[in-house]
Every structure is written in structure tokens, then in C-alpha cells.
>>> print(open('my_file.txt').read())   # compact mmCIF, C-alpha atoms
# COMPACT_ATOMS: atom_id res chain seq x y z
CA MET A 930 14.76 62.82 8.44
CA ASN A 931 18.14 62.14 6.93
CA GLU A 932 19.97 65.12 5.46
CA ILE A 933 18.19 68.44 5.95
CA LYS A 934 17.89 70.52 2.81
CA ARG A 935 16.08 73.72 3.76
CA ILE A 936 14.05 76.24 1.79
CA GLU A 937 13.38 79.57 3.47
CA LEU A 938 10.26 81.09 1.99
CA TYR A 939 9.37 84.74 2.53
CA LEU A 940 5.62 84.84 1.91
CA THR A 941 5.37 88.51 2.81
CA TYR A 942 7.40 91.33 4.26
CA ARG A 943 4.27 92.79 5.84
CA CYS A 944 3.63 92.45 9.56
CA ASN A 945 0.72 93.03 11.91
CA ARG A 946 2.97 94.41 14.66
CA SER A 947 5.18 97.49 14.78
CA CYS A 948 8.12 96.25 16.79
CA VAL A 949 10.53 99.03 17.71
CA TYR A 950 13.51 96.71 17.16
CA CYS A 951 12.41 95.45 13.71
CA PHE A 952 15.24 95.37 11.19
CA ALA A 953 12.76 96.31 8.44
CA LYS A 954 10.92 99.12 10.24
CA ASP A 955 12.36 101.78 7.93
CA ARG A 956 10.96 99.95 4.90
CA ARG A 957 7.55 99.16 6.40
CA ASN A 958 5.68 101.80 4.41
CA SER A 959 7.47 101.37 1.09
CA GLN A 960 5.46 100.06 -1.85
CA SER A 961 7.73 97.05 -2.46
CA TYR A 962 7.42 96.07 1.21
CA GLN A 963 3.65 95.66 0.78
CA ILE A 964 3.86 93.08 -2.02
CA ASP A 965 3.22 89.43 -1.14
CA ILE A 966 4.62 86.49 -3.08
CA ASP A 967 1.89 84.97 -5.28
CA PHE A 968 0.76 81.37 -4.83
CA LYS A 969 1.99 80.32 -8.28
CA THR A 970 5.54 81.30 -7.23
CA ILE A 971 5.09 79.56 -3.87
CA SER A 972 3.84 76.41 -5.60
CA ASN A 973 6.63 76.43 -8.21
CA THR A 974 9.22 76.91 -5.46
CA LEU A 975 7.89 74.02 -3.37
CA TYR A 976 7.61 71.62 -6.33
CA SER A 977 11.04 72.60 -7.62
CA GLY A 978 12.52 72.24 -4.14
CA LYS A 979 11.05 68.78 -3.71
CA LYS A 980 12.32 67.74 -7.14
CA ASN A 981 15.80 68.86 -6.04
CA GLY A 982 15.77 66.99 -2.74
CA PHE A 983 14.67 69.75 -0.37
CA ASN A 984 12.70 68.45 2.61
CA TYR A 985 12.53 71.27 5.17
CA LEU A 986 10.46 74.44 4.74
CA THR A 987 10.93 77.49 6.92
CA LEU A 988 8.35 80.26 6.65
CA VAL A 989 10.00 83.45 7.81
CA ASP A 990 10.16 87.26 7.67
CA GLY A 991 7.33 89.73 7.94
CA GLU A 992 4.49 87.71 9.43
CA PRO A 993 3.77 84.64 7.29
CA THR A 994 0.37 83.98 8.89
CA ILE A 995 -1.11 87.16 7.37
CA HIS A 996 -0.46 86.01 3.79
CA LYS A 997 -3.78 85.23 2.08
CA ASP A 998 -2.49 81.82 0.96
CA PHE A 999 -0.84 80.83 4.23
CA ILE A 1000 -3.07 77.78 4.88
CA LYS A 1001 -2.96 76.80 1.21
CA THR A 1002 0.85 76.94 1.39
CA LEU A 1003 0.90 74.69 4.46
CA LEU A 1004 -1.40 72.17 2.78
CA LEU A 1005 0.79 72.00 -0.32
CA ALA A 1006 3.98 71.71 1.74
CA LYS A 1007 2.51 68.83 3.74
CA LYS A 1008 1.28 67.13 0.56
CA LEU A 1009 4.86 67.32 -0.73
CA VAL A 1010 6.13 65.93 2.62
CA TYR A 1011 8.11 68.93 3.82
CA TYR A 1012 8.99 69.39 7.47
CA ILE A 1013 7.33 72.76 8.20
CA HIS A 1014 8.85 75.28 10.62
CA ILE A 1015 7.24 78.71 11.04
CA PHE A 1016 8.72 81.86 12.55
CA THR A 1017 5.76 83.92 13.79
CA ASN A 1018 4.76 86.65 16.20
CA GLY A 1019 1.90 84.36 17.22
CA LEU A 1020 -0.98 86.83 16.93
CA ALA A 1021 -2.96 84.59 14.55
CA PHE A 1022 -2.65 81.70 17.02
CA SER A 1023 -4.74 83.59 19.56
CA ASP A 1024 -7.64 82.45 17.37
CA GLU A 1025 -8.55 78.90 18.44
CA LYS A 1026 -10.04 78.03 15.03
CA PHE A 1027 -6.87 79.14 13.21
CA THR A 1028 -4.69 77.19 15.64
CA LYS A 1029 -6.83 74.09 15.18
CA ILE A 1030 -6.50 74.28 11.39
CA VAL A 1031 -2.71 74.62 11.60
CA SER A 1032 -2.59 71.75 14.09
CA GLU A 1033 -4.69 69.50 11.83
CA ILE A 1034 -2.29 70.19 8.95
CA GLN A 1035 0.40 68.88 11.32
CA VAL A 1036 2.86 71.74 11.16
CA ASP A 1037 6.07 70.41 12.66
CA SER A 1038 7.22 73.38 14.73
CA LEU A 1039 6.66 77.04 15.54
CA ALA A 1040 9.16 79.62 16.74
CA LEU A 1041 7.36 82.43 18.53
CA ASN A 1042 8.92 85.88 18.68
CA ILE A 1043 8.62 86.92 22.35
CA PRO A 1044 10.65 90.10 22.94
CA ASP A 1045 10.04 90.33 26.69
CA TYR A 1046 8.36 88.41 29.50
CA ARG A 1047 7.00 91.57 31.18
CA GLU A 1048 3.66 92.91 29.95
CA LYS A 1049 4.47 96.63 29.82
CA GLU A 1050 7.82 96.08 28.11
CA TYR A 1051 6.35 93.51 25.73
CA GLU A 1052 3.66 95.93 24.56
CA PHE A 1053 6.15 98.77 24.16
CA LEU A 1054 8.52 96.58 22.14
CA THR A 1055 5.79 95.20 19.86
CA GLY A 1056 4.02 98.53 19.38
CA PHE A 1057 0.75 96.70 19.83
CA LYS A 1058 -1.68 97.38 22.69
CA ASN A 1059 -2.98 94.24 24.42
CA SER A 1060 -0.43 92.16 22.52
CA TYR A 1061 0.82 90.56 25.73
CA LYS A 1062 -2.58 89.03 26.56
CA THR A 1063 -2.93 88.02 22.92
CA MET A 1064 0.44 86.28 23.05
CA ILE A 1065 -0.47 84.44 26.27
CA LYS A 1066 -3.70 83.24 24.67
CA ALA A 1067 -1.77 82.17 21.55
CA VAL A 1068 0.78 80.22 23.60
CA ASN A 1069 -2.03 78.46 25.48
CA ASN A 1070 -3.80 77.60 22.19
CA ILE A 1071 -0.57 76.28 20.67
CA ILE A 1072 0.17 74.14 23.75
CA GLU A 1073 -3.39 72.83 23.82
CA ALA A 1074 -3.16 71.97 20.10
CA LYS A 1075 0.12 70.16 20.80
CA ILE A 1076 2.08 72.06 18.14
CA PRO A 1077 5.79 71.90 19.01
CA LEU A 1078 6.85 75.36 20.14
CA SER A 1079 10.05 77.26 20.78
CA SER A 1080 10.58 80.94 21.37
CA ILE A 1081 12.93 83.56 20.04
CA PHE A 1082 14.10 86.31 22.34
CA ILE A 1083 15.76 89.15 20.47
CA VAL A 1084 18.12 90.88 22.87
CA ASN A 1085 18.38 94.64 22.42
CA ASP A 1086 19.02 97.79 24.47
CA LEU A 1087 15.33 98.03 25.37
CA ASN A 1088 14.91 94.65 27.07
>>> encode(input="my_file.txt", output="C-alpha cells")
Amino acid sequence: MNEIKRIELYLTYRCNRSCVYCFAKDRRNSQSYQIDIDFKTISNTLYSGKKNGFNYLTLVDGEPTIHKDFIKTLLLAKKLVYYIHIFTNGLAFSDEKFTKIVSEIQVDSLALNIPDYREKEYEFLTGFKNSYKTMIKAVNNIIEAKIPLSSIFIVNDLN
């Protein structure tokens, strides 16, 4: 890849965790927070971006994997030859079938939000019971599927 021209696409502001450190936690229940971007807008953005020389797509904010057109978005981005990088909490990747589909699309990289390496603290920080075991399963699925993986560790007073 020569010059990187990046599009950051916010598919949704919704999330399937309730992290105590989330910057958007105060807005979580607002009506506007519950609205997802529609696929026509996604498609127009990706085509327009490609036409204007963009080649790198970052899916970020909320939890992109819970958007109803997540897979459809990946397929279109790959068709248009974008490098695809996804910021995710990883919950969806605990499902082997989901991970396999994403792997077959050949997503280029994932950044997994891992707020702590200790189980009790992890579950407190994510506000999600059994999320630690789910994350471990997701990491194992991602590694097995050979999807390039990095992690994000958000430092705060709680960890």
C-alpha cells in the first residue's frame, strides 16, 4: 500500500457491553444513540471514498459487529479493495462461524478492546458477566482463523 488515505466509518453508536469507562456511557440510552447508519449511506461513502483515492477503512465506535449490515459492509469494502481495520470488543468473535466468515472475507486487522488481563477486573470494567471467558474464546478463534490482531488497553483509575 502506497499512501494511506483512511475513512473512519461509525456504523453504530450502540454497544453490547456497558463499560464503566466508556466515553459515551451518558448517551447510551438517548434516542439518537440508538440509530445505526443505513447501508445506502455506507455504500455511498465507500464508493465515494474509493473514487477520491481512499484505500483504508477503519470501522470504529460503538460496536461495529452488531450492525445488521456488518458483513455486507465488509464484503463491499473488500470488493472495492479497501484495507479493513476493525476496532471491536470481540464478543462476536467468540462465535466460530462468525469468525470464519470474517476470516474468509480477509479482513486485514482487528484491534480488540481488552481493559484488563484479570478476570474479575475485566468483568467489572466491561459490565458484562462472563465476558472474560467470552473474550478468551474470541481471541482463540481469531488466532485460529489467522486474522491479524492487536489489542487496545485503555488505562484508567480502575485498572
>>> atom_distance(input="my_file.txt", atom1="atom CA of Thr941 of chain A", atom2="atom CA of Asp998 of chain A")
10.5 Å
>>> closest_residue(input="my_file.txt", among="A:Ile1065, A:Ile1000, A:Ile1030, A:Ala1021", to="Arg1047 of chain A", atoms="all atoms listed in the file")
A:Ile1065
>>> closest_residue(input="my_file.txt", among="A:His1014, A:Thr1028, A:Glu932, A:Lys1049", to="Ser1079 of chain A", atoms="all atoms listed in the file")
A:His1014
>>> closest_residue(input="my_file.txt", among="A:Tyr1046, A:Tyr1051, A:Tyr942, A:Tyr976", to="Thr1002 of chain A", atoms="all atoms listed in the file")
A:Tyr976
>>> closest_residue(input="my_file.txt", among="A:Val1036, A:Leu986, A:Ala1067, A:Leu1005", to="Gly1019 of chain A", atoms="only C-alpha atoms")
A:Ala1067
>>> residues_around(input="my_file.txt", residues="Ile1013 of chain A", least_positions_apart="2", cutoff="8 Å", atoms="only C-alpha atoms", output="list in words")
Tyr985, Leu986, Thr987, Leu988, Leu1003, Ala1006, Lys1007, Tyr1011, Ile1015, Val1036, Asp1037 and Ser1038 of chain A
>>> atom_distance(input="my_file.txt", atom1="atom CA of Thr994 of chain A", atom2="atom CA of Gly982 of chain A")
25.7 Å
>>> closest_residue(input="my_file.txt", among="A:Phe1082, A:Phe1057, A:Phe983, A:Tyr939", to="Ile971 of chain A", atoms="all atoms listed in the file")
A:Tyr939
>>> closest_residue(input="my_file.txt", among="A:Ile1083, A:Val989, A:Ile1043, A:Leu1009", to="Cys944 of chain A", atoms="only C-alpha atoms")
A:Val989
>>> atom_distance(input="my_file.txt", atom1="atom CA of Arg943 of chain A", atom2="atom CA of Ser977 of chain A")
25.2 Å
>>> decode(input="my_file.txt", residues="segment 968-981 of chain A", atoms="all heavy atoms", output="CSV table (one decimal), in the first residue's frame")
chain,number,residue,atom,x,y,z
A,968,PHE,N,-27.4,1.2,5.1
A,968,PHE,CA,-26.4,0.6,4.2
A,968,PHE,C,-26.3,1.5,2.9
A,968,PHE,O,-25.2,1.6,2.4
A,968,PHE,CB,-26.8,-0.8,3.8
A,968,PHE,CG,-25.7,-1.4,3.0
A,968,PHE,CD1,-24.5,-1.8,3.6
A,968,PHE,CD2,-25.8,-1.6,1.6
A,968,PHE,CE1,-23.5,-2.4,2.8
A,968,PHE,CE2,-24.8,-2.2,0.8
A,968,PHE,CZ,-23.6,-2.5,1.5
A,969,LYS,N,-27.3,2.2,2.5
A,969,LYS,CA,-27.2,3.1,1.4
A,969,LYS,C,-26.1,4.2,1.7
A,969,LYS,O,-25.2,4.5,0.8
A,969,LYS,CB,-28.5,3.8,1.1
A,969,LYS,CG,-28.4,4.7,-0.2
A,969,LYS,CD,-29.8,5.3,-0.5
A,969,LYS,CE,-29.6,6.2,-1.7
A,969,LYS,NZ,-30.8,6.8,-2.1
A,970,THR,N,-26.1,4.7,2.9
A,970,THR,CA,-25.1,5.7,3.3
A,970,THR,C,-23.7,5.1,3.3
A,970,THR,O,-22.7,5.7,2.9
A,970,THR,CB,-25.4,6.4,4.6
A,970,THR,OG1,-26.7,7.0,4.5
A,970,THR,CG2,-24.4,7.4,5.1
A,971,ILE,N,-23.6,3.9,3.9
A,971,ILE,CA,-22.4,3.1,4.0
A,971,ILE,C,-21.8,2.9,2.5
A,971,ILE,O,-20.6,3.2,2.3
A,971,ILE,CB,-22.5,1.8,4.7
A,971,ILE,CG1,-22.9,2.0,6.1
A,971,ILE,CG2,-21.3,0.9,4.5
A,971,ILE,CD1,-23.4,0.7,6.8
A,972,SER,N,-22.7,2.4,1.7
A,972,SER,CA,-22.3,2.2,0.3
A,972,SER,C,-21.8,3.4,-0.4
A,972,SER,O,-20.8,3.5,-1.1
A,972,SER,CB,-23.5,1.5,-0.4
A,972,SER,OG,-23.2,1.3,-1.8
A,973,ASN,N,-22.6,4.5,-0.3
A,973,ASN,CA,-22.2,5.8,-0.9
A,973,ASN,C,-20.9,6.3,-0.4
A,973,ASN,O,-20.1,6.8,-1.2
A,973,ASN,CB,-23.3,6.8,-0.7
A,973,ASN,CG,-24.6,6.6,-1.5
A,973,ASN,OD1,-24.6,5.8,-2.5
A,973,ASN,ND2,-25.7,7.2,-1.1
A,974,THR,N,-20.7,6.1,0.9
A,974,THR,CA,-19.4,6.6,1.5
A,974,THR,C,-18.2,5.8,0.9
A,974,THR,O,-17.2,6.4,0.6
A,974,THR,CB,-19.5,6.5,3.0
A,974,THR,OG1,-20.6,7.3,3.5
A,974,THR,CG2,-18.2,6.9,3.7
A,975,LEU,N,-18.4,4.5,0.9
A,975,LEU,CA,-17.3,3.6,0.4
A,975,LEU,C,-17.0,3.9,-1.1
A,975,LEU,O,-15.8,4.0,-1.5
A,975,LEU,CB,-17.6,2.2,0.6
A,975,LEU,CG,-17.6,1.7,2.1
A,975,LEU,CD1,-18.0,0.3,2.2
A,975,LEU,CD2,-16.3,2.0,2.8
A,976,TYR,N,-18.0,4.0,-1.9
A,976,TYR,CA,-17.8,4.3,-3.4
A,976,TYR,C,-17.2,5.6,-3.6
A,976,TYR,O,-16.3,5.8,-4.3
A,976,TYR,CB,-19.1,4.2,-4.1
A,976,TYR,CG,-19.5,2.7,-4.5
A,976,TYR,CD1,-20.5,2.0,-3.9
A,976,TYR,CD2,-18.8,2.1,-5.6
A,976,TYR,CE1,-20.8,0.7,-4.3
A,976,TYR,CE2,-19.1,0.8,-5.9
A,976,TYR,CZ,-20.1,0.1,-5.3
A,976,TYR,OH,-20.4,-1.2,-5.6
A,977,SER,N,-17.7,6.6,-2.8
A,977,SER,CA,-17.2,8.0,-2.9
A,977,SER,C,-15.7,8.0,-2.5
A,977,SER,O,-14.9,8.7,-3.1
A,977,SER,CB,-18.0,8.9,-2.1
A,977,SER,OG,-17.5,10.2,-2.1
A,978,GLY,N,-15.4,7.4,-1.4
A,978,GLY,CA,-14.1,7.3,-0.9
A,978,GLY,C,-13.1,6.7,-1.9
A,978,GLY,O,-12.0,7.2,-2.1
A,979,LYS,N,-13.5,5.6,-2.5
A,979,LYS,CA,-12.7,4.9,-3.5
A,979,LYS,C,-12.4,5.8,-4.6
A,979,LYS,O,-11.3,6.0,-5.1
A,979,LYS,CB,-13.3,3.6,-3.9
A,979,LYS,CG,-12.4,2.7,-4.7
A,979,LYS,CD,-11.0,2.6,-4.1
A,979,LYS,CE,-10.7,1.4,-3.4
A,979,LYS,NZ,-9.3,1.3,-3.0
A,980,LYS,N,-13.5,6.5,-5.1
A,980,LYS,CA,-13.4,7.4,-6.2
A,980,LYS,C,-12.4,8.6,-5.9
A,980,LYS,O,-11.7,9.1,-6.8
A,980,LYS,CB,-14.8,8.0,-6.5
A,980,LYS,CG,-14.8,9.0,-7.7
A,980,LYS,CD,-16.2,9.5,-7.9
A,980,LYS,CE,-16.2,10.6,-9.0
A,980,LYS,NZ,-17.5,11.2,-9.1
A,981,ASN,N,-12.3,8.9,-4.6
A,981,ASN,CA,-11.4,10.0,-4.2
A,981,ASN,C,-10.0,9.5,-3.6
A,981,ASN,O,-9.4,10.3,-3.0
A,981,ASN,CB,-12.1,10.9,-3.2
A,981,ASN,CG,-13.2,11.7,-3.8
A,981,ASN,OD1,-12.9,12.6,-4.6
A,981,ASN,ND2,-14.5,11.4,-3.6
